[in-house]
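Structure file structure-v6.txt (compact mmCIF, C-alpha atoms and all ligand atoms) is printed below.
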# COMPACT_ATOMS: atom_id res chain seq x y z
CA MET S 291 -4.44 8.31 5.99
CA LYS S 292 -4.58 5.66 3.28
CA GLU S 293 -5.87 6.87 -0.06
CA SER S 294 -6.97 4.24 -2.54
CA ALA S 295 -4.39 3.51 -5.20
CA SER S 296 -4.96 5.01 -8.63
CA ILE S 297 -4.62 2.90 -11.74
CA LEU S 298 -4.31 3.92 -15.39
CA ILE S 299 -5.65 1.45 -17.95
CA VAL S 300 -4.30 1.76 -21.49
CA GLU S 301 -6.40 -0.62 -23.58
CA ASP S 302 -8.06 -0.17 -26.97
CA GLU S 303 -10.53 -3.06 -26.78
CA ASP S 304 -13.72 -1.52 -25.43
CA ALA S 305 -15.09 -4.66 -23.77
CA ILE S 306 -11.87 -5.32 -21.87
CA ARG S 307 -11.32 -1.70 -20.90
CA VAL S 308 -14.88 -1.14 -19.68
CA GLY S 309 -14.78 -4.42 -17.77
CA LEU S 310 -11.48 -3.49 -16.13
CA VAL S 311 -12.75 -0.05 -15.13
CA ASP S 312 -15.79 -1.62 -13.42
CA VAL S 313 -13.83 -4.32 -11.66
CA LEU S 314 -11.13 -1.98 -10.39
CA ILE S 315 -13.62 0.59 -9.13
CA TYR S 316 -15.45 -2.22 -7.40
CA HIS S 317 -12.19 -3.18 -5.69
CA GLY S 318 -11.80 0.37 -4.41
CA TYR S 319 -9.22 1.73 -6.83
CA GLN S 320 -9.34 5.11 -8.50
CA VAL S 321 -9.37 4.50 -12.22
CA ASP S 322 -8.44 6.44 -15.34
CA TYR S 323 -8.04 5.11 -18.87
CA ALA S 324 -6.77 5.79 -22.38
CA LYS S 325 -8.07 4.11 -25.54
CA GLU S 326 -4.90 4.30 -27.62
CA GLY S 327 -1.14 4.62 -27.32
CA VAL S 328 -0.34 8.31 -27.65
CA SER S 329 -2.84 9.59 -25.09
CA GLY S 330 -1.91 6.59 -22.94
CA LEU S 331 1.73 7.64 -22.89
CA GLU S 332 0.77 11.24 -22.22
CA LYS S 333 -1.27 10.25 -19.16
CA ALA S 334 1.34 7.74 -18.00
CA LEU S 335 4.05 10.40 -18.04
CA THR S 336 2.12 12.63 -15.63
CA GLY S 337 3.44 10.25 -12.97
CA LYS S 338 0.27 10.46 -10.93
CA TYR S 339 -0.70 6.78 -11.12
CA ASP S 340 0.28 4.13 -8.61
CA LEU S 341 0.05 1.51 -11.33
CA ILE S 342 -0.34 1.34 -15.11
CA LEU S 343 -2.09 -1.56 -16.86
CA LEU S 344 -0.65 -1.47 -20.35
CA ASP S 345 -1.94 -3.40 -23.34
CA VAL S 346 0.69 -4.41 -25.90
CA MET S 347 -1.19 -4.10 -29.20
CA LEU S 348 -2.47 -0.52 -29.32
CA PRO S 349 -3.28 1.96 -32.10
CA ASN S 350 -0.70 4.74 -32.69
CA MET S 351 1.95 3.47 -30.28
CA ASP S 352 2.40 -0.04 -28.92
CA GLY S 353 2.70 -0.96 -25.26
CA PHE S 354 6.40 -1.88 -25.45
CA LYS S 355 7.26 1.54 -26.84
CA ILE S 356 5.17 3.22 -24.14
CA CYS S 357 6.85 1.11 -21.47
CA THR S 358 10.30 2.12 -22.74
CA LYS S 359 9.37 5.79 -22.73
CA ILE S 360 7.93 5.61 -19.21
CA ARG S 361 11.14 3.94 -18.00
CA GLU S 362 13.27 6.70 -19.52
CA GLN S 363 11.50 9.10 -17.23
CA ASP S 364 10.59 6.98 -14.22
CA LYS S 365 12.38 3.80 -13.21
CA ALA S 366 10.00 3.11 -10.36
CA GLN S 367 6.59 3.48 -12.05
CA PRO S 368 4.79 0.15 -11.52
CA ILE S 369 3.60 -1.32 -14.84
CA ILE S 370 1.71 -4.51 -15.62
CA MET S 371 1.58 -5.45 -19.30
CA LEU S 372 -1.57 -7.03 -20.72
CA THR S 373 -0.49 -9.21 -23.58
CA ALA S 374 -2.71 -11.09 -25.99
CA LYS S 375 0.16 -13.33 -26.95
CA SER S 376 1.59 -15.48 -24.23
CA SER S 377 4.66 -16.45 -26.20
CA ASP S 378 7.83 -16.37 -24.14
CA GLU S 379 9.32 -13.86 -26.49
CA ASP S 380 6.70 -11.23 -25.72
CA VAL S 381 6.95 -11.82 -22.02
CA VAL S 382 10.71 -11.59 -22.00
CA ASN S 383 10.52 -8.48 -24.15
CA GLY S 384 8.12 -6.86 -21.66
CA PHE S 385 10.37 -7.62 -18.72
CA THR S 386 13.49 -6.46 -20.51
CA LEU S 387 11.75 -3.16 -21.18
CA GLY S 388 10.98 -2.87 -17.51
CA ALA S 389 7.43 -4.05 -16.85
CA ASP S 390 6.92 -5.28 -13.28
CA ASP S 391 4.65 -8.10 -14.32
CA TYR S 392 2.53 -9.25 -17.22
CA VAL S 393 -0.88 -10.88 -17.54
CA SER S 394 -1.80 -12.73 -20.70
CA LYS S 395 -5.23 -12.42 -22.20
CA PRO S 396 -7.69 -13.88 -21.66
CA PHE S 397 -7.01 -13.35 -17.96
CA SER S 398 -9.11 -14.14 -14.92
CA VAL S 399 -10.16 -11.11 -12.91
CA THR S 400 -9.09 -12.80 -9.68
CA GLN S 401 -5.60 -13.40 -11.07
CA LEU S 402 -5.31 -9.84 -12.27
CA ILE S 403 -6.41 -8.36 -8.93
CA LEU S 404 -3.87 -10.56 -7.12
CA ARG S 405 -1.10 -9.37 -9.44
CA ILE S 406 -2.16 -5.75 -8.99
CA LYS S 407 -2.09 -6.10 -5.22
CA ALA S 408 1.30 -7.79 -5.33
CA VAL S 409 2.84 -5.09 -7.53
CA LEU S 410 1.33 -2.31 -5.41
CA ARG S 411 2.58 -3.94 -2.21
CA ARG S 412 6.09 -4.12 -3.57
CA SER S 413 6.03 -0.56 -4.86
CA ILE S 414 4.29 1.19 -1.97
CA PRO S 415 5.47 -0.46 1.23
CA GLU S 416 3.37 1.89 3.33
CA ASN S 417 0.29 0.80 1.43
CA ILE S 418 -0.24 -2.14 3.79
CA GLU S 419 -3.85 -3.11 4.09
CA GLN S 420 -5.37 -1.91 7.27
CA THR S 421 -6.78 -4.65 9.43
CA PHE S 422 -8.63 -2.90 12.25
CA ILE S 423 -10.80 0.14 12.86
CA GLN S 424 -10.80 1.12 16.51
CA LEU S 425 -13.94 3.15 17.26
CA ASP S 426 -13.42 3.59 20.97
CA GLU S 427 -11.66 1.82 23.81
CA ASN S 428 -13.87 -1.26 23.60
CA ARG S 429 -15.11 -1.25 20.01
CA LYS S 430 -12.70 -2.78 17.55
CA ILE S 431 -13.69 -3.70 14.00
CA ASP S 432 -11.70 -6.58 12.53
CA LEU S 433 -11.72 -5.98 8.76
CA GLN S 434 -10.19 -9.34 7.84
CA ASN S 435 -12.41 -11.49 10.03
CA LEU S 436 -15.52 -9.39 9.25
CA SER S 437 -16.53 -8.77 12.83
CA ILE S 438 -16.61 -6.27 15.65
CA GLN S 439 -15.38 -6.96 19.12
CA ILE S 440 -17.44 -5.12 21.73
CA GLY S 441 -16.15 -6.01 25.13
CA LYS S 442 -16.44 -9.79 25.22
CA ASP S 443 -18.97 -10.00 22.37
CA ASN S 444 -18.02 -10.71 18.80
CA ILE S 445 -20.59 -9.62 16.23
CA PRO S 446 -20.19 -10.66 12.58
CA PHE S 447 -20.51 -8.35 9.57
CA THR S 448 -21.27 -9.27 6.00
CA LYS S 449 -18.54 -8.65 3.44
CA ARG S 450 -20.54 -5.73 2.04
CA GLU S 451 -20.94 -4.11 5.46
CA ILE S 452 -17.19 -4.30 5.95
CA GLU S 453 -16.63 -2.77 2.49
CA VAL S 454 -18.91 0.12 3.42
CA LEU S 455 -17.04 0.63 6.70
CA GLU S 456 -13.67 0.47 4.98
CA TYR S 457 -14.73 3.02 2.39
CA LEU S 458 -16.11 5.40 5.03
CA GLN S 459 -12.95 4.97 7.07
CA ARG S 460 -10.69 5.75 4.10
CA ASN S 461 -12.67 8.94 3.56
CA ASN S 462 -13.42 9.75 7.17
CA GLN S 463 -12.42 13.39 6.93
CA ARG S 464 -15.65 14.13 5.03
CA PRO S 465 -19.22 12.92 4.55
CA VAL S 466 -19.74 10.34 1.80
CA ALA S 467 -22.92 10.56 -0.29
CA ARG S 468 -25.14 7.54 -0.95
CA GLU S 469 -24.42 7.80 -4.67
CA GLU S 470 -20.69 7.65 -4.01
CA LEU S 471 -21.11 4.51 -1.91
CA LEU S 472 -23.26 2.92 -4.61
CA SER S 473 -20.70 3.69 -7.24
CA ASN S 474 -17.54 2.84 -5.29
CA VAL S 475 -18.67 0.03 -3.01
CA TRP S 476 -21.45 -1.57 -5.03
CA GLY S 477 -19.85 -0.69 -8.35
CA TYR S 478 -23.03 0.79 -9.82
CA SER S 479 -22.50 3.34 -12.52
CA GLU S 480 -23.90 6.74 -11.61
CA GLU S 481 -26.71 6.45 -14.16
CA LEU S 482 -27.85 3.26 -12.45
CA ALA S 483 -27.78 4.69 -8.95
CA ILE S 484 -31.53 5.10 -8.74
CA GLU S 485 -32.22 2.55 -6.03
CA THR S 486 -30.77 4.19 -2.95
CA ARG S 487 -32.60 2.25 -0.24
CA THR S 488 -29.97 -0.46 -0.30
CA VAL S 489 -27.39 1.93 1.16
CA ASP S 490 -29.78 3.05 3.91
CA ILE S 491 -30.52 -0.54 4.82
CA HIS S 492 -26.84 -1.39 5.11
CA ILE S 493 -26.14 1.72 7.17
CA ALA S 494 -28.99 0.82 9.52
CA ARG S 495 -27.64 -2.72 9.93
CA ILE S 496 -24.13 -1.48 10.59
CA ARG S 497 -25.42 0.96 13.18
CA ARG S 498 -27.28 -1.80 15.00
CA LYS S 499 -23.97 -3.60 15.30
CA ILE S 500 -21.55 -0.82 16.18
CA GLU S 501 -23.57 1.86 17.98
CA LYS S 502 -24.50 1.98 21.65
CA ASP S 503 -27.78 3.59 20.62
CA PRO S 504 -28.47 3.05 16.89
CA LYS S 505 -31.09 5.82 16.95
CA ASN S 506 -28.49 8.32 18.15
CA PRO S 507 -25.38 7.20 16.33
CA GLN S 508 -22.06 8.54 17.53
CA PHE S 509 -19.71 6.65 15.18
CA LEU S 510 -21.58 6.37 11.88
CA ILE S 511 -23.34 9.68 11.70
CA THR S 512 -25.55 11.33 9.09
CA ILE S 513 -24.56 14.75 7.82
CA ARG S 514 -27.89 16.05 6.59
CA GLY S 515 -27.89 16.71 2.86
CA ALA S 516 -24.32 15.45 2.46
CA GLY S 517 -24.12 11.79 3.39
CA TYR S 518 -22.59 9.51 5.99
CA ARG S 519 -19.45 9.98 7.97
CA LEU S 520 -17.53 7.57 10.12
CA ILE S 521 -16.08 9.17 13.22
CA CYS S 522 -12.84 7.49 14.20
CA PRO S 523 -11.23 9.31 17.09
CA SER S 524 -7.52 9.62 16.41
CA GLU S 525 -6.56 8.76 19.97
CA TYR S 526 -7.47 5.10 19.39
CA CA V 1 -5.10 -4.20 -27.95
In structure tokens, write the structure found in this file.
Ligand code: CA
Amino acid sequence: MKESASILIVEDEDAIRVGLVDVLIYHGYQVDYAKEGVSGLEKALTGKYDLILLDVMLPNMDGFKICTKIREQDKAQPIIMLTAKSSDEDVVNGFTLGADDYVSKPFSVTQLILRIKAVLRRSIPENIEQTFIQLDENRKIDLQNLSIQIGKDNIPFTKREIEVLEYLQRNNQRPVAREELLSNVWGYSEELAIETRTVDIHIARIRRKIEKDPKNPQFLITIRGAGYRLICPSEY
């Protein structure tokens, strides 16, 4: 089963770090962060992150030093450097020290996400994005084309509905609470997760599209008091 990739952000500038955390959570990654160099290195050396986003200019220990120390321990750890200076010298320095890629600030979020995906693809070959969810012999959800094929019919989903389905599928061994969906699919922080109707409305819409009888769902079920669970029989 595909778990979402985990990313460590080492960045001292609050605005950038907070923004990155939000954006990466929104894109389905698990996120951890450090605000300065020493704790950043400590976390990085645990080896539990699929990718490290490493700022260059950091208090206590700079990004190049951290990168060198990570490489001494782990040659394969994917690292993307975030550099404020885009001078060739810095870039070359980062690569020599073993970063997989670099992004110069100010960066566009789209660019950064593309780089992250590229580095993760190279480093975790098995982490290929899933393209279909097969619910039963004639119900196939096409995640890329945002639709479900039911027999000869093709019913479109919105991007958000597909994101909900993908998240439930990734976690289909357990029920997922509304608050978790709001935080990981919608990107709401937990303090903001007051408005919960939006999840219910999306679930209802999805059920109308995928279920034989939306009132008695068999694929997207409710576990009372715990949340929603997507049932994907393993034989399909
Ligand atoms: Ca910095």
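Computed from the coordinates, the atom CA of S:Leu298 to atom CA of S:Ile342 distance equals 4.7 Å.
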### Query
What lies within 12 Å of S:Phe397 using only C-alpha atoms, ignoring chain neighbours under 3 positions off, as a list in words?
Ile306, Gly309, Leu310, Met371, Leu372, Thr373, Ala374, Lys375, Ser376, Tyr392, Val393, Ser394, Thr400, Gln401, Leu402, Ile403, Leu404 and Arg405 of chain S
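Taking atom CA of S:Arg412 and atom CA of S:Val475 as the two end points, the separation is 25.1 Å.
Computed from the coordinates, the atom CA of S:Arg429 to atom CA of S:Ile445 distance equals 10.7 Å.
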#### Entry: 7 Å shell around ligand CA 1 (chain V) using all atoms listed in the file, listed as a count of residues only
7
Selection near stretch 485-499 of chain S, 9 Å with all atoms listed in the file, sequence-local residues under 2 positions removed, as a short mmCIF file (atom, residue, chain, number, x, y, z; two decimals) with C-alpha atoms, keeping the file's coordinate frame:
data_model
loop_
_atom_site.label_atom_id
_atom_site.label_comp_id
_atom_site.auth_asym_id
_atom_site.auth_seq_id
_atom_site.Cartn_x
_atom_site.Cartn_y
_atom_site.Cartn_z
CA ILE S 438 -16.61 -6.27 15.65
CA ILE S 445 -20.59 -9.62 16.23
CA PRO S 446 -20.19 -10.66 12.58
CA PHE S 447 -20.51 -8.35 9.57
CA ARG S 450 -20.54 -5.73 2.04
CA GLU S 451 -20.94 -4.11 5.46
CA ILE S 452 -17.19 -4.30 5.95
CA VAL S 454 -18.91 0.12 3.42
CA LEU S 455 -17.04 0.63 6.70
CA ARG S 468 -25.14 7.54 -0.95
CA GLU S 469 -24.42 7.80 -4.67
CA LEU S 471 -21.11 4.51 -1.91
CA LEU S 472 -23.26 2.92 -4.61
CA LEU S 482 -27.85 3.26 -12.45
CA ALA S 483 -27.78 4.69 -8.95
CA GLU S 501 -23.57 1.86 17.98
CA LYS S 502 -24.50 1.98 21.65
CA ASP S 503 -27.78 3.59 20.62
CA PRO S 504 -28.47 3.05 16.89
CA LYS S 505 -31.09 5.82 16.95
CA PRO S 507 -25.38 7.20 16.33
CA PHE S 509 -19.71 6.65 15.18
CA LEU S 510 -21.58 6.37 11.88
CA TYR S 518 -22.59 9.51 5.99
#
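Proximity of S:Pro368, S:Gly441, S:Gly353, S:Gly327 to S:Tyr339, computed with all atoms listed in the file, is greatest for S:Pro368.
With only C-alpha atoms as the atoms that count, the residue of S:Asp390, S:Glu362, S:Glu470, S:Asp426 with the shortest distance to S:Gly318 is S:Glu470.
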### Message
I'd like to know which of S:Ile431, S:Thr358, S:Ile521, S:Ile440 is closest to S:Glu453, using all atoms listed in the file.
### Response
S:Ile431
#### Entry: For S:Asp443, the nearest of the candidates S:Ile500, S:Gln320, S:Tyr457, S:Leu335, counting all atoms listed in the file
S:Ile500
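Nearest-residue note for S:Ser329: choosing from S:His317, S:Asp352, S:Asp304, S:Asp312, the minimum distance belongs to S:Asp352, counting only C-alpha atoms.
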### Residue list as number ranges by chain for point (0.9, 10.8, -24.9), cut-off 12 Å, only C-alpha atoms
S: 300, 324-336, 350-353, 355-357, 359-360
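The list of residues with at least one atom within 9 Å of S:Ile297, based on only C-alpha atoms and without residues fewer than 3 positions apart in the same chain, reads Leu314, Tyr319, Gln320, Val321, Asp322, Tyr323, Tyr339, Asp340, Leu341, Ile342 and Leu343 of chain S.
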Near-S:Gly517 list (6 Å; all atoms listed in the file; drop same-chain fewer than 3 positions) as a PDB file with C-alpha atoms, keeping the file's coordinate frame:
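part-v4.pdb, freshly written:
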ATOM      1  CA  PRO S 465     -19.220  12.920   4.550  1.00  0.00           C
ATOM      2  CA  VAL S 466     -19.740  10.340   1.800  1.00  0.00           C
ATOM      3  CA  ALA S 467     -22.920  10.560  -0.290  1.00  0.00           C
ATOM      4  CA  THR S 512     -25.550  11.330   9.090  1.00  0.00           C
ATOM      5  CA  ILE S 513     -24.560  14.750   7.820  1.00  0.00           C
TER       6      ILE S 513
END
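Closest approach to S:Lys407 from the set S:Gly515, S:Ala295, S:Asn506, S:Thr421 is made by S:Ala295, with distances taken over only C-alpha atoms.
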